[in-house]
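Content type compact mmCIF, C-alpha atoms and all ligand atoms, from the file input_6.txt:
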```txt
# COMPACT_ATOMS: atom_id res chain seq x y z
CA MET Y 1 116.91 68.49 122.32
CA ILE Y 2 116.72 64.70 121.97
CA MET Y 3 118.66 62.78 124.54
CA ARG Y 4 120.46 60.08 122.59
CA ILE Y 5 122.62 57.64 124.54
CA LEU Y 6 124.48 54.55 123.44
CA TYR Y 7 125.05 52.08 126.28
CA GLN Y 8 128.17 50.15 125.42
CA PHE Y 9 131.38 48.37 126.21
CA PRO Y 10 134.00 50.58 124.56
CA ILE Y 11 135.81 47.63 122.94
CA SER Y 12 132.72 45.76 121.76
CA HIS Y 13 132.83 45.57 117.97
CA TYR Y 14 129.02 45.46 117.88
CA CYS Y 15 129.01 48.81 119.71
CA GLU Y 16 131.52 50.14 117.21
CA LYS Y 17 129.10 49.19 114.44
CA SER Y 18 126.35 51.33 116.03
CA ARG Y 19 128.71 54.25 116.75
CA TRP Y 20 129.84 54.24 113.12
CA GLN Y 21 126.26 54.31 111.88
CA LEU Y 22 125.24 57.12 114.26
CA GLU Y 23 128.25 59.18 113.20
CA HIS Y 24 127.72 58.49 109.52
CA LYS Y 25 124.23 59.93 109.90
CA GLY Y 26 125.54 62.92 111.80
CA LEU Y 27 123.42 62.12 114.86
CA ALA Y 28 124.74 63.56 118.10
CA TYR Y 29 124.91 61.04 120.93
CA GLU Y 30 126.57 60.34 124.23
CA THR Y 31 128.00 57.04 125.37
CA ARG Y 32 127.58 55.33 128.72
CA ASP Y 33 130.23 52.73 129.32
CA LEU Y 34 128.99 49.69 131.20
CA LEU Y 35 130.96 47.12 133.09
CA PRO Y 36 130.73 43.58 131.66
CA GLY Y 37 128.59 41.47 133.97
CA ALA Y 38 127.20 44.47 135.82
CA HIS Y 39 125.69 45.67 132.52
CA TRP Y 40 122.97 43.07 132.62
CA PRO Y 41 120.31 44.68 134.91
CA ARG Y 42 120.77 47.98 133.04
CA THR Y 43 120.36 46.55 129.54
CA ARG Y 44 117.47 44.32 130.67
CA TRP Y 45 115.73 47.31 132.18
CA LEU Y 46 116.41 49.52 129.18
CA ALA Y 47 115.63 47.18 126.29
CA ARG Y 48 114.92 43.71 127.70
CA ILE Y 49 118.17 42.41 126.33
CA GLY Y 50 121.32 41.00 127.94
CA THR Y 51 123.85 42.51 125.53
CA VAL Y 52 125.24 45.85 124.41
CA PRO Y 53 124.79 48.01 122.42
CA VAL Y 54 121.51 49.52 123.58
CA LEU Y 55 120.39 52.84 122.15
CA ARG Y 56 118.21 55.25 124.05
CA ASP Y 57 116.73 57.86 121.76
CA GLY Y 58 114.46 60.12 123.75
CA GLU Y 59 111.68 57.85 124.96
CA ARG Y 60 112.59 55.01 122.61
CA ARG Y 61 115.01 52.24 123.56
CA VAL Y 62 116.43 49.71 121.16
CA GLY Y 63 118.79 46.83 121.88
CA ASP Y 64 120.96 44.84 119.41
CA SER Y 65 123.14 46.49 116.75
CA THR Y 66 121.04 45.14 113.87
CA ARG Y 67 117.79 46.41 115.36
CA ILE Y 68 119.50 49.72 116.10
CA ALA Y 69 120.61 49.89 112.46
CA TYR Y 70 117.06 49.41 111.15
CA TYR Y 71 115.66 51.76 113.77
CA LEU Y 72 118.06 54.51 112.68
CA GLU Y 73 117.29 53.90 109.00
CA LYS Y 74 113.57 54.20 109.73
CA TYR Y 75 113.63 57.32 111.89
CA TYR Y 76 116.66 59.04 110.36
CA PRO Y 77 116.58 58.11 106.68
CA GLU Y 78 119.05 60.85 105.64
CA ARG Y 79 122.42 59.48 104.51
CA SER Y 80 120.77 56.11 104.10
CA LEU Y 81 122.87 52.99 104.41
CA ILE Y 82 120.35 50.68 102.76
CA PRO Y 83 119.82 51.23 99.03
CA GLU Y 84 116.32 51.64 97.57
CA ALA Y 85 116.88 49.41 94.53
CA PRO Y 86 115.41 46.00 95.49
CA ALA Y 87 118.33 43.83 94.33
CA LEU Y 88 120.96 45.95 96.12
CA ARG Y 89 118.74 46.31 99.17
CA HIS Y 90 118.29 42.57 99.42
CA ARG Y 91 122.05 42.00 99.09
CA VAL Y 92 122.89 44.55 101.79
CA ILE Y 93 120.39 43.00 104.21
CA GLU Y 94 121.73 39.53 103.50
CA LEU Y 95 125.37 40.56 103.98
CA GLU Y 96 124.61 42.49 107.16
CA GLN Y 97 123.23 39.27 108.65
CA GLN Y 98 126.14 37.22 107.40
CA PHE Y 99 128.81 39.55 108.79
CA ASP Y 100 126.87 40.01 112.01
CA ARG Y 101 127.11 36.26 112.59
CA LEU Y 102 130.81 36.41 111.74
CA GLY Y 103 131.24 38.92 114.59
CA VAL Y 104 130.72 36.08 117.09
CA HIS Y 105 133.57 34.03 115.55
CA LEU Y 106 135.76 37.10 115.36
CA ARG Y 107 135.24 37.64 119.11
CA THR Y 108 136.17 34.03 119.86
CA TRP Y 109 139.30 34.31 117.70
CA MET Y 110 140.25 37.64 119.22
CA TYR Y 111 139.81 36.53 122.84
CA GLY Y 112 141.75 33.40 121.94
CA GLN Y 113 144.72 35.69 121.17
CA VAL Y 114 144.42 38.49 123.71
CA LEU Y 115 142.35 37.30 126.68
CA ASP Y 116 145.47 36.75 128.76
CA ARG Y 117 146.86 40.23 128.09
CA PRO Y 118 146.50 42.62 131.07
CA GLU Y 119 145.54 45.55 128.82
CA THR Y 120 142.53 43.60 127.49
CA MET Y 121 141.15 43.38 131.03
CA GLU Y 122 142.06 47.01 131.68
CA LEU Y 123 140.05 48.05 128.60
CA LEU Y 124 137.08 45.96 129.69
CA LEU Y 125 137.19 47.23 133.26
CA SER Y 126 137.91 50.85 132.32
CA PRO Y 127 134.23 51.98 132.69
CA ALA Y 128 134.50 51.46 136.45
CA ALA Y 129 137.51 53.82 136.67
CA MET Y 130 138.78 51.84 139.64
CA ALA Y 131 142.15 51.85 141.33
CA PRO Y 132 144.81 49.87 139.41
CA TRP Y 133 145.15 47.32 142.23
CA LEU Y 134 141.39 46.61 142.07
CA THR Y 135 141.55 46.23 138.28
CA ARG Y 136 144.37 43.72 138.74
CA LEU Y 137 142.34 41.87 141.38
CA LEU Y 138 139.23 41.64 139.20
CA ALA Y 139 141.08 40.77 136.00
CA SER Y 140 141.43 37.08 136.76
CA PRO Y 141 137.75 36.35 137.66
CA LEU Y 142 136.55 38.42 134.69
CA ARG Y 143 138.89 36.49 132.42
CA GLN Y 144 137.42 33.22 133.71
CA VAL Y 145 133.86 34.43 133.16
CA ILE Y 146 134.67 35.45 129.57
CA ARG Y 147 136.47 32.18 128.91
CA ARG Y 148 133.43 30.21 130.10
CA LYS Y 149 130.74 32.43 128.57
CA TYR Y 150 132.25 32.54 125.09
CA ALA Y 151 133.86 29.06 125.27
CA ILE Y 152 137.37 30.36 124.65
CA GLU Y 153 139.29 27.12 124.35
CA PRO Y 154 141.69 25.84 121.69
CA LYS Y 155 139.11 23.85 119.70
CA SER Y 156 136.60 26.69 119.44
CA VAL Y 157 139.34 29.20 118.61
CA VAL Y 158 140.47 27.00 115.70
CA TYR Y 159 136.86 26.67 114.51
CA ALA Y 160 136.39 30.45 114.81
CA SER Y 161 139.61 31.03 112.92
CA GLU Y 162 138.27 28.96 110.00
CA ARG Y 163 135.00 30.92 109.96
CA VAL Y 164 136.91 34.21 110.08
CA GLU Y 165 139.07 33.08 107.18
CA GLU Y 166 135.88 32.41 105.21
CA GLY Y 167 134.63 35.89 106.11
CA LEU Y 168 137.84 37.55 104.93
CA THR Y 169 137.72 35.57 101.69
CA LEU Y 170 134.10 36.60 101.23
CA VAL Y 171 135.09 40.28 101.56
CA GLU Y 172 137.82 39.79 98.99
CA ASN Y 173 135.51 37.97 96.55
CA LEU Y 174 132.79 40.60 96.92
CA LEU Y 175 135.26 43.41 96.28
CA ALA Y 176 136.68 41.64 93.23
CA ARG Y 177 133.18 41.09 91.87
CA ASN Y 178 131.91 44.58 92.64
CA GLY Y 179 135.06 46.15 91.31
CA GLY Y 180 135.14 49.15 93.61
CA ASP Y 181 135.62 50.29 97.17
CA TYR Y 182 132.39 48.87 98.53
CA LEU Y 183 130.83 45.45 98.99
CA VAL Y 184 127.56 46.38 97.27
CA GLY Y 185 126.94 49.20 94.82
CA GLU Y 186 129.05 52.32 94.67
CA SER Y 187 128.70 53.87 98.09
CA LEU Y 188 128.96 52.96 101.75
CA THR Y 189 126.17 50.68 103.00
CA LEU Y 190 125.26 48.88 106.18
CA ALA Y 191 127.03 45.81 104.75
CA ASP Y 192 130.35 47.72 104.66
CA ILE Y 193 129.94 49.14 108.16
CA THR Y 194 129.03 45.72 109.55
CA ALA Y 195 131.93 43.92 107.88
CA ALA Y 196 134.53 46.61 108.62
CA SER Y 197 133.58 47.22 112.26
CA LEU Y 198 133.23 43.53 113.11
CA LEU Y 199 136.55 42.61 111.45
CA ALA Y 200 138.55 45.62 112.65
CA PRO Y 201 139.71 44.13 116.01
CA MET Y 202 141.85 41.57 114.19
CA MET Y 203 143.66 44.19 112.11
CA GLY Y 204 145.25 46.27 114.87
CA ILE Y 205 144.38 49.52 113.05
CA ALA Y 206 145.37 52.82 114.66
CA GLY Y 207 142.42 54.97 115.69
CA THR Y 208 140.18 51.98 116.49
CA PRO Y 209 139.21 51.00 120.05
CA TRP Y 210 141.56 48.00 119.82
CA GLU Y 211 144.75 49.91 119.28
CA GLY Y 212 145.27 49.75 123.06
CA ILE Y 213 146.05 46.06 122.74
CA GLU Y 214 149.79 45.75 122.44
CA ILE Y 215 150.24 43.40 119.54
CA ALA Y 216 154.01 43.70 119.91
CA SER Y 217 153.79 41.89 123.27
CA LEU Y 218 151.94 38.90 121.84
CA PRO Y 219 153.80 35.71 120.89
CA GLU Y 220 155.65 35.96 117.56
CA PRO Y 221 153.24 33.69 115.56
CA VAL Y 222 150.25 35.75 116.77
CA GLN Y 223 151.98 38.99 115.79
CA GLN Y 224 152.59 37.52 112.37
CA GLN Y 225 148.94 36.57 112.11
CA PHE Y 226 147.86 40.16 112.89
CA GLN Y 227 150.31 41.41 110.30
CA ALA Y 228 149.03 38.95 107.68
CA ASN Y 229 145.44 40.04 108.43
CA ARG Y 230 146.39 43.68 107.97
CA GLU Y 231 148.30 43.12 104.76
CA ARG Y 232 145.84 40.98 102.85
CA PRO Y 233 143.26 42.72 100.61
CA ALA Y 234 140.44 42.37 103.18
CA GLY Y 235 142.67 44.00 105.82
CA GLN Y 236 143.65 46.81 103.47
CA TRP Y 237 139.98 47.33 102.72
CA VAL Y 238 139.02 47.57 106.42
CA LYS Y 239 141.83 50.09 106.93
CA GLU Y 240 140.71 52.09 103.90
CA ARG Y 241 137.10 52.18 105.09
CA TYR Y 242 138.34 53.51 108.45
CA LEU Y 243 140.41 56.16 106.72
CA SER Y 244 137.77 57.25 104.22
CA ASP Y 245 134.39 56.51 105.76
CA ARG Y 246 134.72 56.40 109.54
N1 LIG F 1 123.71 40.40 118.12
C1 LIG F 1 124.08 41.35 119.14
C2 LIG F 1 125.38 40.90 119.76
C3 LIG F 1 125.87 41.86 120.83
C4 LIG F 1 126.90 41.22 121.73
O1 LIG F 1 127.20 40.02 121.65
N2 LIG F 1 127.45 42.05 122.63
C5 LIG F 1 128.40 41.56 123.59
C6 LIG F 1 129.62 42.45 123.61
S1 LIG F 1 130.54 42.22 122.13
C7 LIG F 1 127.78 41.58 124.97
O2 LIG F 1 127.02 42.46 125.30
N3 LIG F 1 128.14 40.60 125.78
C8 LIG F 1 127.71 40.54 127.14
C9 LIG F 1 126.89 39.35 127.43
O3 LIG F 1 126.59 38.56 126.52
O4 LIG F 1 126.52 39.17 128.62
C10 LIG F 1 124.18 42.74 118.53
O5 LIG F 1 124.33 42.82 117.30
O6 LIG F 1 124.05 43.74 119.24
```
What would the structure in this file look like if it were written as structure tokens?
Ligand SMILES: N[C@@H](CCC(=O)N[C@@H](CS)C(=O)NCC(=O)O)C(=O)O
Amino acid sequence: MIMRILYQFPISHYCEKSRWQLEHKGLAYETRDLLPGAHWPRTRWLARIGTVPVLRDGERRVGDSTRIAYYLEKYYPERSLIPEAPALRHRVIELEQQFDRLGVHLRTWMYGQVLDRPETMELLLSPAAMAPWLTRLLASPLRQVIRRKYAIEPKSVVYASERVEEGLTLVENLLARNGGDYLVGESLTLADITAASLLAPMMGIAGTPWEGIEIASLPEPVQQQFQANRERPAGQWVKERYLSDR
């Protein structure tokens, strides 16, 4: 039996993208939750990379959700997520890259809204299964590290918010043009999985890893923003993909 392990942060949307792809292909796997910061020696050792996800598949190790996606397509071509037809294939590859870049802005926007919430830190620190008092003690330094590392400050959150708006509009335009449930062609592709998983944190959809974040405790304007995200066509589409394809 192949030992297949996904090293992850449970709430990382890039890890969600890899989990979705593995599950779509019906590939059994286990997860190993890593602690942000402490993950680094592990991921460096496994795949010479400083980020999660990292996939270990028997003797092979692959880091980065995009590389994992192409690795899985190559070694497990069943239930392919990249069409054969050149024009569609090219479009899927292009959109995967575009939405993958959007994931960075989404993270900035998201942390801009929820970094100060205690449950965000609890979710990030959950892999260590530590006593609640220790989680509370570590929450503040971790928050500072995240704020510095991802430059979570008002100006960058506004910039990220504009990029995210462009991404949501792109989803809506693609759906209008394609005239169906998917961004390209008539079935689920890597473009859909990338867009839906990387946008999902801002929708507050039940059944996703971000449902633990209590949107109802956020300031009123932020709650309204989450609601607007959920209600617009791109939000409805993400929800529908979760219901039908996840
Ligand atoms: N392009 C990478 C991005 C992965 C990424 O940014 N992962 C974040 C979690 S969302 C991470 O590991 N951050 C820890 C760090 O940068 O030290 C991918 O697609 O896998």
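With only C-alpha atoms and all ligand atoms counted, the chains near ligand LIG 1 (chain F) contribute these residues within 8 Å: Y:Gln8, Y:Phe9, Y:Ile11, Y:Ser12, Y:His13, Y:Tyr14, Y:Cys15, Y:Pro36, Y:Gly37, Y:His39, Y:Trp40, Y:Gly50, Y:Thr51, Y:Val52, Y:Pro53, Y:Val54, Y:Gly63, Y:Asp64, Y:Ser65, Y:Thr66, Y:Arg67, Y:Asp100, Y:Arg101, Y:Val104, Y:Arg107, Y:Lys149.
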Saved selection, atoms kept: C-alpha atoms, as a compact mmCIF listing (two decimals), keeping the file's coordinate frame:
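Once everything was written out, this is out-v9.txt:
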```
# COMPACT_ATOMS: atom_id res chain seq x y z
CA GLN Y 8 128.17 50.15 125.42
CA PHE Y 9 131.38 48.37 126.21
CA ILE Y 11 135.81 47.63 122.94
CA SER Y 12 132.72 45.76 121.76
CA HIS Y 13 132.83 45.57 117.97
CA TYR Y 14 129.02 45.46 117.88
CA CYS Y 15 129.01 48.81 119.71
CA PRO Y 36 130.73 43.58 131.66
CA GLY Y 37 128.59 41.47 133.97
CA HIS Y 39 125.69 45.67 132.52
CA TRP Y 40 122.97 43.07 132.62
CA GLY Y 50 121.32 41.00 127.94
CA THR Y 51 123.85 42.51 125.53
CA VAL Y 52 125.24 45.85 124.41
CA PRO Y 53 124.79 48.01 122.42
CA VAL Y 54 121.51 49.52 123.58
CA GLY Y 63 118.79 46.83 121.88
CA ASP Y 64 120.96 44.84 119.41
CA SER Y 65 123.14 46.49 116.75
CA THR Y 66 121.04 45.14 113.87
CA ARG Y 67 117.79 46.41 115.36
CA ASP Y 100 126.87 40.01 112.01
CA ARG Y 101 127.11 36.26 112.59
CA VAL Y 104 130.72 36.08 117.09
CA ARG Y 107 135.24 37.64 119.11
CA LYS Y 149 130.74 32.43 128.57
```
The residue from Y:Leu106, Y:Leu174, Y:Leu142, Y:Leu198 with the smallest atom-to-atom distance to Val92 in chain Y, counting only C-alpha atoms, is Y:Leu174
Could you please determine the separation between CA of Pro233 in chain Y and CA of Ala216 in chain Y in Å, to one decimal place? 22.1 Å
Place a sphere of radius 10 Å on (139.3, 53.8, 121.6) in the file coordinates and name every protein, DNA or RNA residue with an atom inside or on its surface, counting all atoms listed in the file; give the answer as a short mmCIF file (atom, residue, chain, number, x, y, z; two decimals) with C-alpha atoms, in the coordinates of the input.
```cif
data_model
loop_
_atom_site.label_atom_id
_atom_site.label_comp_id
_atom_site.auth_asym_id
_atom_site.auth_seq_id
_atom_site.Cartn_x
_atom_site.Cartn_y
_atom_site.Cartn_z
CA PRO Y 10 134.00 50.58 124.56
CA ILE Y 11 135.81 47.63 122.94
CA GLU Y 16 131.52 50.14 117.21
CA LEU Y 123 140.05 48.05 128.60
CA ALA Y 206 145.37 52.82 114.66
CA GLY Y 207 142.42 54.97 115.69
CA THR Y 208 140.18 51.98 116.49
CA PRO Y 209 139.21 51.00 120.05
CA TRP Y 210 141.56 48.00 119.82
CA GLU Y 211 144.75 49.91 119.28
CA GLY Y 212 145.27 49.75 123.06
#
```
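Interatomic distance, CA of Glu78 in chain Y against CA of Val171 in chain Y: 26.4 Å.
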For Ala128 in chain Y, list every protein, DNA or RNA residue within 9 Å, evaluated using all atoms listed in the file, and leave out those in the same chain fewer than 6 positions away; present the list as a PDB file with C-alpha atoms, in the frame of the given file.
```
ATOM      1  CA  ASP Y  33     130.230  52.730 129.320  1.00  0.00           C
ATOM      2  CA  LEU Y  34     128.990  49.690 131.200  1.00  0.00           C
ATOM      3  CA  LEU Y  35     130.960  47.120 133.090  1.00  0.00           C
ATOM      4  CA  THR Y 135     141.550  46.230 138.280  1.00  0.00           C
TER       5      THR Y 135
END
```
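Restricting the calculation to only C-alpha atoms, the smallest distance between Ile68 in chain Y and any of Y:Leu55, Y:Met202, Y:Pro154, Y:Pro86 is found for Y:Leu55.
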Got a sec: who's within 9 Å of Met121 in chain Y, counting all atoms listed in the file, leaving out chain neighbours fewer than 5 positions off, as a ChimeraX atom specification? /Y:115-116,126,135-136,138-140,142-143
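Across Y:Glu172, Y:Glu96, Y:Glu153, Y:Glu162, the tightest approach to Lys17 in chain Y is made by Y:Glu96 when counting only C-alpha atoms.
Within 10 Å of range 59-62 of chain Y, once all atoms listed in the file are used and residues closer than 5 positions along the same chain are dropped, the contacting residues are Ile2, Met3, Arg4, Ile5, Leu6, Thr43, Trp45, Leu46, Ala47, Arg48, Ile49, Pro53, Val54, Arg67, Ile68, Ala69, Tyr71 and Leu72 of chain Y.
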Next, dump the selected residues to file, keeping only C-alpha atoms, as a compact mmCIF listing (two decimals), in the coordinates of the input.
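The file below, selection39.txt, is the result:
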```
# COMPACT_ATOMS: atom_id res chain seq x y z
CA ILE Y 2 116.72 64.70 121.97
CA MET Y 3 118.66 62.78 124.54
CA ARG Y 4 120.46 60.08 122.59
CA ILE Y 5 122.62 57.64 124.54
CA LEU Y 6 124.48 54.55 123.44
CA THR Y 43 120.36 46.55 129.54
CA TRP Y 45 115.73 47.31 132.18
CA LEU Y 46 116.41 49.52 129.18
CA ALA Y 47 115.63 47.18 126.29
CA ARG Y 48 114.92 43.71 127.70
CA ILE Y 49 118.17 42.41 126.33
CA PRO Y 53 124.79 48.01 122.42
CA VAL Y 54 121.51 49.52 123.58
CA ARG Y 67 117.79 46.41 115.36
CA ILE Y 68 119.50 49.72 116.10
CA ALA Y 69 120.61 49.89 112.46
CA TYR Y 71 115.66 51.76 113.77
CA LEU Y 72 118.06 54.51 112.68
```
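For the residues Y:Tyr7, Y:Gln21, Y:Val114, Y:Arg91, ranking by smallest atom-to-atom distance to Ser217 in chain Y using all atoms listed in the file places Y:Val114 first.
Counting only C-alpha atoms, range 187-193 of chain Y has the following residues at most 9 Å away, ignoring those fewer than 6 positions along the same chain: Lys17, Ser18, Trp20, Gln21, Ala69, Ser80, Leu81, Ile82, Pro83, Arg91, Val92, Ile93, Glu94, Leu95, Glu96, Gln97, Phe99, Asp181, Val238, Arg241, Asp245 and Arg246 of chain Y.
Rounded to one decimal, CA of Arg56 in chain Y and CA of Tyr70 in chain Y lie 14.2 Å from each other.
Among the candidate residues Y:Gly103, Y:Pro141, Y:Gly112, Y:Pro77, the one lying nearest to Gly26 in chain Y is Y:Pro77, with distances computed using only C-alpha atoms.
When all atoms listed in the file are used to compute distances to Glu84 in chain Y, the closest of the residues Y:Asp57, Y:Asn178, Y:Leu22, Y:Gly185 turns out to be Y:Gly185.
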Working from the structure I just supplied, which lacks atoms in range 129-139 of chain Y, can you model all heavy atoms there and output them as a compact mmCIF listing (two decimals), in the frame of the given file?
```
# COMPACT_ATOMS: atom_id res chain seq x y z
N ALA Y 129 136.48 52.87 136.23
CA ALA Y 129 137.51 53.82 136.67
C ALA Y 129 138.00 53.50 138.08
O ALA Y 129 138.00 54.35 138.97
CB ALA Y 129 136.95 55.24 136.59
N MET Y 130 138.36 52.26 138.30
CA MET Y 130 138.78 51.84 139.64
C MET Y 130 140.30 51.91 139.80
O MET Y 130 141.03 52.09 138.83
CB MET Y 130 138.28 50.42 139.92
CG MET Y 130 138.65 49.43 138.86
SD MET Y 130 137.99 47.79 139.15
CE MET Y 130 136.34 47.86 138.56
N ALA Y 131 140.71 51.79 141.04
CA ALA Y 131 142.15 51.85 141.33
C ALA Y 131 142.85 50.70 140.60
O ALA Y 131 142.28 49.61 140.47
CB ALA Y 131 142.37 51.72 142.83
N PRO Y 132 144.10 50.92 140.15
CA PRO Y 132 144.81 49.87 139.41
C PRO Y 132 144.87 48.54 140.16
O PRO Y 132 144.74 47.48 139.56
CB PRO Y 132 146.20 50.46 139.20
CG PRO Y 132 146.01 51.93 139.27
CD PRO Y 132 144.86 52.17 140.19
N TRP Y 133 145.03 48.58 141.50
CA TRP Y 133 145.15 47.32 142.23
C TRP Y 133 143.84 46.54 142.16
O TRP Y 133 143.83 45.32 142.07
CB TRP Y 133 145.57 47.57 143.70
CG TRP Y 133 144.53 48.29 144.54
CD1 TRP Y 133 144.45 49.63 144.74
CD2 TRP Y 133 143.44 47.70 145.25
NE1 TRP Y 133 143.37 49.93 145.53
CE2 TRP Y 133 142.73 48.75 145.88
CE3 TRP Y 133 142.96 46.40 145.45
CZ2 TRP Y 133 141.60 48.56 146.65
CZ3 TRP Y 133 141.84 46.20 146.23
CH2 TRP Y 133 141.17 47.26 146.83
N LEU Y 134 142.69 47.28 142.13
CA LEU Y 134 141.39 46.61 142.07
C LEU Y 134 141.18 46.00 140.67
O LEU Y 134 140.66 44.89 140.52
CB LEU Y 134 140.28 47.61 142.40
CG LEU Y 134 138.91 47.03 142.70
CD1 LEU Y 134 138.97 45.96 143.78
CD2 LEU Y 134 137.95 48.15 143.14
N THR Y 135 141.62 46.75 139.64
CA THR Y 135 141.55 46.23 138.28
C THR Y 135 142.34 44.93 138.19
O THR Y 135 141.87 43.94 137.62
CB THR Y 135 142.12 47.26 137.28
OG1 THR Y 135 141.35 48.45 137.38
CG2 THR Y 135 142.07 46.76 135.85
N ARG Y 136 143.53 44.93 138.81
CA ARG Y 136 144.37 43.72 138.74
C ARG Y 136 143.70 42.55 139.47
O ARG Y 136 143.73 41.43 139.03
CB ARG Y 136 145.76 44.00 139.35
CG ARG Y 136 146.70 44.72 138.37
CD ARG Y 136 148.14 44.63 138.82
NE ARG Y 136 148.36 45.27 140.10
CZ ARG Y 136 148.57 46.59 140.25
NH1 ARG Y 136 148.62 47.38 139.19
NH2 ARG Y 136 148.74 47.11 141.45
N LEU Y 137 143.02 42.90 140.58
CA LEU Y 137 142.34 41.87 141.38
C LEU Y 137 141.16 41.26 140.61
O LEU Y 137 140.93 40.06 140.66
CB LEU Y 137 141.84 42.50 142.68
CG LEU Y 137 141.40 41.55 143.78
CD1 LEU Y 137 142.63 40.90 144.42
CD2 LEU Y 137 140.61 42.31 144.84
N LEU Y 138 140.43 42.11 139.90
CA LEU Y 138 139.23 41.64 139.20
C LEU Y 138 139.53 41.00 137.85
O LEU Y 138 138.68 40.31 137.28
CB LEU Y 138 138.26 42.80 138.99
CG LEU Y 138 137.58 43.33 140.26
CD1 LEU Y 138 136.68 44.50 139.93
CD2 LEU Y 138 136.76 42.22 140.93
N ALA Y 139 140.76 41.25 137.35
CA ALA Y 139 141.08 40.77 136.00
C ALA Y 139 140.94 39.25 135.88
O ALA Y 139 140.33 38.76 134.93
CB ALA Y 139 142.51 41.19 135.63
```
